[in-house]
Amino acid sequence: LGIMAGSEPIDSTDSKETTRVFRPPGQNVAGGGMNDLARVGVEMTVWPCEGSTRQHLTFNKKSQIEVYGHDWLGHPTSACFGSDNSTDFGGVVLSSCDTDDGDFGTFNKRASARAGFTQFQLTNGSDEDDGNTEARCLAIQRLANDGGALGPLGGAQVVLSNCTSTASDWIVDESSYGTGMEVRSQHFDEGEVCMTTGWPFLQIGAFNTPNGASDSTVIVLNESRDAANYVLYNGDEALLSGSIPPRSIQTVLIDDE
């Protein structure tokens, strides 16, 4: 699949209310199939909330933030948030949860100074060794290029940063799942986002394609094991509604009238 030369990306942020496409209303089980990104070295990011296993977290009895999944062979996996920002990625990556060889973080899940919000304050790590006594919390860091097709909502990093920033304020929803939690943020004016293991199952890219077969081209990718319904908007105008099968890619051609 290729995009013609001369094409330009379009902001494809969905300005409508966030829909958890893999967890319909009334369902308390994260959808999308197994989370095959629940493994050491995967970066933690934020994306629009989709109700999938990649956005299903657990605050365990050791005060670790843990994610569960399976590898490509179906073997169970788990990993925990690390105790420092990665020198390679610049943000938090998953580490082993094992006390012998894991560089995992432990956290104090506490109320924020802002009513209704929660913070995850690091309680171990390199702060004291570095002579830094300032508390650090999980926070959002905007991408340097302000994101791709989804703008700042698409893949901003989860980092350890100053606890006084509103970027460290989260909404923790433990009622939507039988076990575990969804952790979301209202930090961006453009919309709500959820902590995500790596990247979401459902992704979209949109382009102006003046040299292509249509004026605009939209690419929809579904990595999950579940079908997903979606609606494409141009501003407030609904262009079309569609459904994408599991593990598939769709190309939608749109001509201006």
# chains A, B, ... in the order shown; residues from 1 in each chain; ligands from 1
call {"tool": "residues_around", "arguments": {"residues": "range 71-76 of chain A", "least_positions_apart": "3", "cutoff": "8 Å", "atoms": "only C-alpha atoms", "output": "compact mmCIF listing (two decimals) with N, CA and C atoms, in the first residue's frame"}}
result
# COMPACT_ATOMS: atom_id res chain seq x y z
N ASN A 35 -3.28 -8.86 24.22
CA ASN A 35 -2.33 -7.77 24.12
C ASN A 35 -0.95 -8.35 23.88
N ASP A 36 -0.51 -8.34 22.63
CA ASP A 36 0.80 -8.93 22.30
C ASP A 36 1.95 -7.93 22.49
N LEU A 37 1.65 -6.77 23.10
CA LEU A 37 2.69 -5.78 23.39
C LEU A 37 3.02 -5.72 24.88
N TYR A 68 -0.89 -7.19 31.23
CA TYR A 68 -0.90 -8.62 30.93
C TYR A 68 -1.21 -8.83 29.45
call {"tool": "select_by_dssp", "arguments": {"residues": "range 54-255 of chain A", "states": "strand (DSSP E or B)", "output": "ChimeraX atom specification"}}
result
/A:57-59,65-70,76-85,92-95,104,107-111,118-122,136-141,148,151,156-162,170-173,181-185,193-197,202-208,216-222,228-234,237-244,248-254
call {"tool": "closest_residue", "arguments": {"among": "A:Gln157, A:Ser224, A:Asn124, A:Thr19", "to": "Arg142 in chain A", "atoms": "only C-alpha atoms"}}
result
A:Gln157
call {"tool": "closest_atom_pairs", "arguments": {"of": "range 175-198 of chain A", "to": "range 113-120 of chain A", "cutoff": "12 Å", "atoms": "only C-alpha atoms", "output": "CSV"}}
result
residue,atom,partner,partner_atom,distance
A:Val183,CA,A:Thr118,CA,9.3
A:Arg184,CA,A:Phe117,CA,10.0
A:Ser185,CA,A:Phe117,CA,9.1
A:Gln186,CA,A:Phe117,CA,9.9
A:His187,CA,A:Phe117,CA,11.3
call {"tool": "write_last_selection", "arguments": {"atoms": "all heavy atoms", "output": "compact mmCIF listing (two decimals), in the first residue's frame"}}
result
# COMPACT_ATOMS: atom_id res chain seq x y z
N VAL A 183 -6.82 4.12 32.68
CA VAL A 183 -6.24 5.38 33.17
C VAL A 183 -6.27 6.38 32.02
O VAL A 183 -5.61 6.18 31.00
CB VAL A 183 -4.80 5.18 33.68
CG1 VAL A 183 -4.22 6.50 34.18
CG2 VAL A 183 -4.76 4.13 34.78
N ARG A 184 -7.04 7.45 32.19
CA ARG A 184 -7.21 8.40 31.10
C ARG A 184 -6.86 9.82 31.56
O ARG A 184 -6.77 10.10 32.75
CB ARG A 184 -8.62 8.34 30.54
CG ARG A 184 -9.73 8.69 31.51
CD ARG A 184 -11.09 8.48 30.85
NE ARG A 184 -12.21 8.97 31.65
CZ ARG A 184 -12.85 8.24 32.54
NH1 ARG A 184 -12.51 6.98 32.74
NH2 ARG A 184 -13.86 8.76 33.23
N SER A 185 -6.68 10.70 30.58
CA SER A 185 -6.27 12.08 30.85
C SER A 185 -7.10 13.05 30.02
O SER A 185 -7.46 12.76 28.88
CB SER A 185 -4.78 12.26 30.51
OG SER A 185 -4.42 13.63 30.57
N GLN A 186 -7.35 14.20 30.62
CA GLN A 186 -8.02 15.30 29.92
C GLN A 186 -7.04 16.46 29.70
O GLN A 186 -7.46 17.61 29.58
CB GLN A 186 -9.23 15.77 30.74
CG GLN A 186 -10.29 14.69 30.90
CD GLN A 186 -11.45 15.13 31.80
OE1 GLN A 186 -11.33 16.09 32.56
NE2 GLN A 186 -12.57 14.43 31.71
N HIS A 187 -5.76 16.14 29.63
CA HIS A 187 -4.72 17.17 29.53
C HIS A 187 -4.80 17.95 28.22
O HIS A 187 -4.53 19.15 28.19
CB HIS A 187 -3.35 16.50 29.66
CG HIS A 187 -2.19 17.45 29.50
ND1 HIS A 187 -1.97 18.50 30.36
CD2 HIS A 187 -1.19 17.49 28.58
CE1 HIS A 187 -0.88 19.16 29.99
NE2 HIS A 187 -0.39 18.57 28.91
call {"tool": "closest_residue", "arguments": {"among": "A:Leu221, A:Thr45, A:Arg54, A:Asp103", "to": "Gln141 in chain A", "atoms": "only C-alpha atoms"}}
result
A:Thr45
call {"tool": "atom_distance", "arguments": {"atom1": "CA of Ser176 in chain A", "atom2": "CA of Val46 in chain A"}}
result
18.5 Å
call {"tool": "closest_residue", "arguments": {"among": "A:Arg136, A:His56, A:Lys109, A:Arg225", "to": "Trp170 in chain A", "atoms": "only C-alpha atoms"}}
result
A:Lys109
call {"tool": "residues_around", "arguments": {"residues": "Met195 in chain A", "least_positions_apart": "3", "cutoff": "12 Å", "atoms": "only C-alpha atoms", "output": "VMD selection string"}}
result
chain A and resid 43 to 58 65 67 81 92 138 to 140 153 to 159 168 170 to 173 181 to 186 192 198 to 200
call {"tool": "write_last_selection", "arguments": {"atoms": "N, CA and C atoms", "output": "tab-separated table (two decimals), in the first residue's frame"}}
result
chain	number	residue	atom	x	y	z
A	43	GLU	N	7.20	0.84	24.78
A	43	GLU	CA	7.00	2.18	25.32
A	43	GLU	C	5.54	2.38	25.73
A	44	MET	N	5.33	3.15	26.80
A	44	MET	CA	3.98	3.53	27.22
A	44	MET	C	3.64	4.89	26.61
A	45	THR	N	2.45	4.98	26.02
A	45	THR	CA	2.02	6.17	25.31
A	45	THR	C	0.57	6.48	25.66
A	46	VAL	N	0.03	7.54	25.08
A	46	VAL	CA	-1.41	7.82	25.23
A	46	VAL	C	-2.04	7.98	23.86
A	47	TRP	N	-3.25	7.43	23.73
A	47	TRP	CA	-4.03	7.48	22.49
A	47	TRP	C	-5.50	7.63	22.86
A	48	PRO	N	-6.36	7.98	21.90
A	48	PRO	CA	-7.79	8.00	22.19
A	48	PRO	C	-8.25	6.67	22.78
A	49	CYS	N	-9.15	6.73	23.73
A	49	CYS	CA	-9.59	5.54	24.46
A	49	CYS	C	-10.41	4.62	23.56
A	50	GLU	N	-10.03	3.35	23.49
A	50	GLU	CA	-10.73	2.39	22.63
A	50	GLU	C	-11.28	1.20	23.40
A	51	GLY	N	-11.00	1.10	24.72
A	51	GLY	CA	-11.55	0.01	25.51
A	51	GLY	C	-10.92	-1.33	25.24
A	52	SER	N	-9.66	-1.34	24.82
A	52	SER	CA	-9.00	-2.60	24.45
A	52	SER	C	-8.06	-3.08	25.54
A	53	THR	N	-7.55	-4.30	25.36
A	53	THR	CA	-6.59	-4.88	26.30
A	53	THR	C	-5.28	-4.09	26.33
A	54	ARG	N	-4.98	-3.35	25.30
A	54	ARG	CA	-3.75	-2.53	25.30
A	54	ARG	C	-3.90	-1.30	26.19
A	55	GLN	N	-5.11	-1.03	26.65
A	55	GLN	CA	-5.35	0.09	27.57
A	55	GLN	C	-5.88	-0.40	28.91
A	56	HIS	N	-5.66	-1.68	29.20
A	56	HIS	CA	-6.13	-2.30	30.44
A	56	HIS	C	-4.92	-2.50	31.36
A	57	LEU	N	-4.88	-1.78	32.47
A	57	LEU	CA	-3.75	-1.80	33.40
A	57	LEU	C	-4.18	-2.38	34.74
A	58	THR	N	-3.19	-2.82	35.52
A	58	THR	CA	-3.45	-3.34	36.86
A	58	THR	C	-2.47	-2.70	37.85
A	65	ILE	N	2.62	-0.99	38.41
A	65	ILE	CA	1.58	-0.89	37.38
A	65	ILE	C	1.92	-1.94	36.33
A	67	VAL	N	0.88	-4.78	33.15
A	67	VAL	CA	0.05	-5.10	32.00
A	67	VAL	C	0.20	-6.59	31.69
A	81	PHE	N	5.59	-1.05	34.54
A	81	PHE	CA	6.16	0.26	34.22
A	81	PHE	C	7.56	0.36	34.82
A	92	VAL	N	8.69	6.38	29.57
A	92	VAL	CA	8.62	5.16	30.37
A	92	VAL	C	8.42	3.96	29.44
A	138	LEU	N	3.98	9.97	37.03
A	138	LEU	CA	3.67	9.66	35.63
A	138	LEU	C	2.92	10.84	35.02
A	139	ALA	N	3.37	11.29	33.86
A	139	ALA	CA	2.78	12.46	33.22
A	139	ALA	C	2.81	12.28	31.71
A	140	ILE	N	2.16	13.19	31.00
A	140	ILE	CA	2.15	13.19	29.54
A	140	ILE	C	3.15	14.21	29.02
A	153	LEU	N	-3.02	13.86	20.17
A	153	LEU	CA	-3.68	12.70	20.77
A	153	LEU	C	-3.05	11.39	20.34
A	154	GLY	N	-2.24	11.41	19.32
A	154	GLY	CA	-1.71	10.18	18.74
A	154	GLY	C	-0.30	9.86	19.16
A	155	GLY	N	-0.14	9.20	20.30
A	155	GLY	CA	1.15	8.65	20.67
A	155	GLY	C	2.04	9.50	21.54
A	156	ALA	N	1.49	10.53	22.20
A	156	ALA	CA	2.32	11.29	23.15
A	156	ALA	C	2.87	10.35	24.22
A	157	GLN	N	4.04	10.68	24.75
A	157	GLN	CA	4.74	9.79	25.66
A	157	GLN	C	4.23	9.89	27.09
A	158	VAL	N	4.26	8.76	27.78
A	158	VAL	CA	4.11	8.74	29.23
A	158	VAL	C	5.52	8.83	29.82
A	159	VAL	N	5.75	9.84	30.65
A	159	VAL	CA	7.08	10.09	31.21
A	159	VAL	C	6.99	10.25	32.71
A	168	SER	N	0.34	15.50	34.96
A	168	SER	CA	0.47	14.32	35.82
A	168	SER	C	-0.85	13.94	36.49
A	170	TRP	N	-4.51	12.28	36.37
A	170	TRP	CA	-5.19	11.22	35.62
A	170	TRP	C	-6.55	10.93	36.24
A	171	ILE	N	-7.42	10.36	35.43
A	171	ILE	CA	-8.70	9.83	35.91
A	171	ILE	C	-8.59	8.31	35.86
A	172	VAL	N	-8.74	7.69	37.02
A	172	VAL	CA	-8.61	6.24	37.12
A	172	VAL	C	-10.00	5.63	37.22
A	173	ASP	N	-10.33	4.79	36.25
A	173	ASP	CA	-11.64	4.15	36.20
A	173	ASP	C	-11.47	2.66	36.48
A	181	MET	N	-7.85	-1.55	35.56
A	181	MET	CA	-8.27	-0.15	35.49
A	181	MET	C	-7.97	0.43	34.12
A	182	GLU	N	-8.72	1.45	33.77
A	182	GLU	CA	-8.44	2.30	32.62
A	182	GLU	C	-7.95	3.63	33.19
A	183	VAL	N	-6.82	4.12	32.68
A	183	VAL	CA	-6.24	5.38	33.17
A	183	VAL	C	-6.27	6.38	32.02
A	184	ARG	N	-7.04	7.45	32.19
A	184	ARG	CA	-7.21	8.40	31.10
A	184	ARG	C	-6.86	9.82	31.56
A	185	SER	N	-6.68	10.70	30.58
A	185	SER	CA	-6.27	12.08	30.85
A	185	SER	C	-7.10	13.05	30.02
A	186	GLN	N	-7.35	14.20	30.62
A	186	GLN	CA	-8.02	15.30	29.92
A	186	GLN	C	-7.04	16.46	29.70
A	192	GLU	N	-9.86	13.47	25.00
A	192	GLU	CA	-9.42	12.59	26.06
A	192	GLU	C	-8.53	11.48	25.51
A	198	GLY	N	2.22	0.63	24.05
A	198	GLY	CA	2.72	0.76	22.69
A	198	GLY	C	1.84	1.64	21.82
A	199	TRP	N	0.87	1.03	21.18
A	199	TRP	CA	-0.04	1.75	20.28
A	199	TRP	C	-1.39	1.02	20.27
A	200	PRO	N	-2.45	1.67	19.84
A	200	PRO	CA	-3.78	1.05	19.89
A	200	PRO	C	-3.98	0.02	18.78
call {"tool": "residues_around", "arguments": {"residues": "Thr123 in chain A", "least_positions_apart": "4", "cutoff": "10 Å", "atoms": "only C-alpha atoms", "output": "list of chain:residue names"}}
result
A:Ser63, A:Ser83, A:Gly105, A:Thr106, A:Phe107, A:Asn108, A:Asp127, A:Ala135, A:Arg136, A:Cys137
call {"tool": "write_last_selection", "arguments": {"atoms": "N, CA, C and O atoms", "output": "PDB file, in the first residue's frame"}}
result
ATOM      1  N   SER A  63       2.488  -2.526  44.431  1.00  0.00           N
ATOM      2  CA  SER A  63       2.441  -1.113  44.016  1.00  0.00           C
ATOM      3  C   SER A  63       3.113  -0.901  42.664  1.00  0.00           C
ATOM      4  O   SER A  63       3.621   0.186  42.374  1.00  0.00           O
ATOM      5  N   SER A  83      11.186   2.301  36.148  1.00  0.00           N
ATOM      6  CA  SER A  83      11.423   3.254  37.230  1.00  0.00           C
ATOM      7  C   SER A  83      12.100   4.536  36.763  1.00  0.00           C
ATOM      8  O   SER A  83      12.427   5.392  37.576  1.00  0.00           O
ATOM      9  N   GLY A 105       9.203   0.287  38.380  1.00  0.00           N
ATOM     10  CA  GLY A 105       8.869   1.344  39.308  1.00  0.00           C
ATOM     11  C   GLY A 105       7.814   0.877  40.291  1.00  0.00           C
ATOM     12  O   GLY A 105       7.002  -0.001  39.989  1.00  0.00           O
ATOM     13  N   THR A 106       7.843   1.439  41.481  1.00  0.00           N
ATOM     14  CA  THR A 106       6.741   1.287  42.422  1.00  0.00           C
ATOM     15  C   THR A 106       6.129   2.671  42.631  1.00  0.00           C
ATOM     16  O   THR A 106       6.831   3.686  42.593  1.00  0.00           O
ATOM     17  N   PHE A 107       4.826   2.698  42.837  1.00  0.00           N
ATOM     18  CA  PHE A 107       4.117   3.973  42.792  1.00  0.00           C
ATOM     19  C   PHE A 107       3.159   4.126  43.967  1.00  0.00           C
ATOM     20  O   PHE A 107       2.590   3.147  44.464  1.00  0.00           O
ATOM     21  N   ASN A 108       2.999   5.356  44.388  1.00  0.00           N
ATOM     22  CA  ASN A 108       1.978   5.745  45.347  1.00  0.00           C
ATOM     23  C   ASN A 108       0.823   6.320  44.555  1.00  0.00           C
ATOM     24  O   ASN A 108       0.946   7.377  43.941  1.00  0.00           O
ATOM     25  N   ASP A 127      16.081   8.873  41.700  1.00  0.00           N
ATOM     26  CA  ASP A 127      15.995  10.267  42.142  1.00  0.00           C
ATOM     27  C   ASP A 127      17.000  10.607  43.232  1.00  0.00           C
ATOM     28  O   ASP A 127      17.763  11.561  43.132  1.00  0.00           O
ATOM     29  N   ALA A 135       9.716  15.183  43.870  1.00  0.00           N
ATOM     30  CA  ALA A 135       8.875  14.035  43.556  1.00  0.00           C
ATOM     31  C   ALA A 135       8.603  13.971  42.058  1.00  0.00           C
ATOM     32  O   ALA A 135       8.447  14.994  41.385  1.00  0.00           O
ATOM     33  N   ARG A 136       8.545  12.748  41.536  1.00  0.00           N
ATOM     34  CA  ARG A 136       8.230  12.551  40.124  1.00  0.00           C
ATOM     35  C   ARG A 136       6.990  11.673  39.999  1.00  0.00           C
ATOM     36  O   ARG A 136       6.808  10.709  40.740  1.00  0.00           O
ATOM     37  N   CYS A 137       6.153  12.039  39.052  1.00  0.00           N
ATOM     38  CA  CYS A 137       4.910  11.310  38.803  1.00  0.00           C
ATOM     39  C   CYS A 137       4.808  10.956  37.322  1.00  0.00           C
ATOM     40  O   CYS A 137       5.454  11.577  36.470  1.00  0.00           O
TER      41      CYS A 137
END
call {"tool": "atom_distance", "arguments": {"atom1": "CA of Ser175 in chain A", "atom2": "CA of Gly31 in chain A"}}
result
15.7 Å
call {"tool": "atom_distance", "arguments": {"atom1": "CA of Ser243 in chain A", "atom2": "CA of Glu190 in chain A"}}
result
24.7 Å
call {"tool": "closest_residue", "arguments": {"among": "A:Cys194, A:Phe188, A:Asp226, A:Ile254", "to": "Ala206 in chain A", "atoms": "only C-alpha atoms"}}
result
A:Ile254
call {"tool": "closest_residue", "arguments": {"among": "A:Asn145, A:Thr166, A:Asn229, A:Ser161", "to": "Pro246 in chain A", "atoms": "only C-alpha atoms"}}
result
A:Asn229
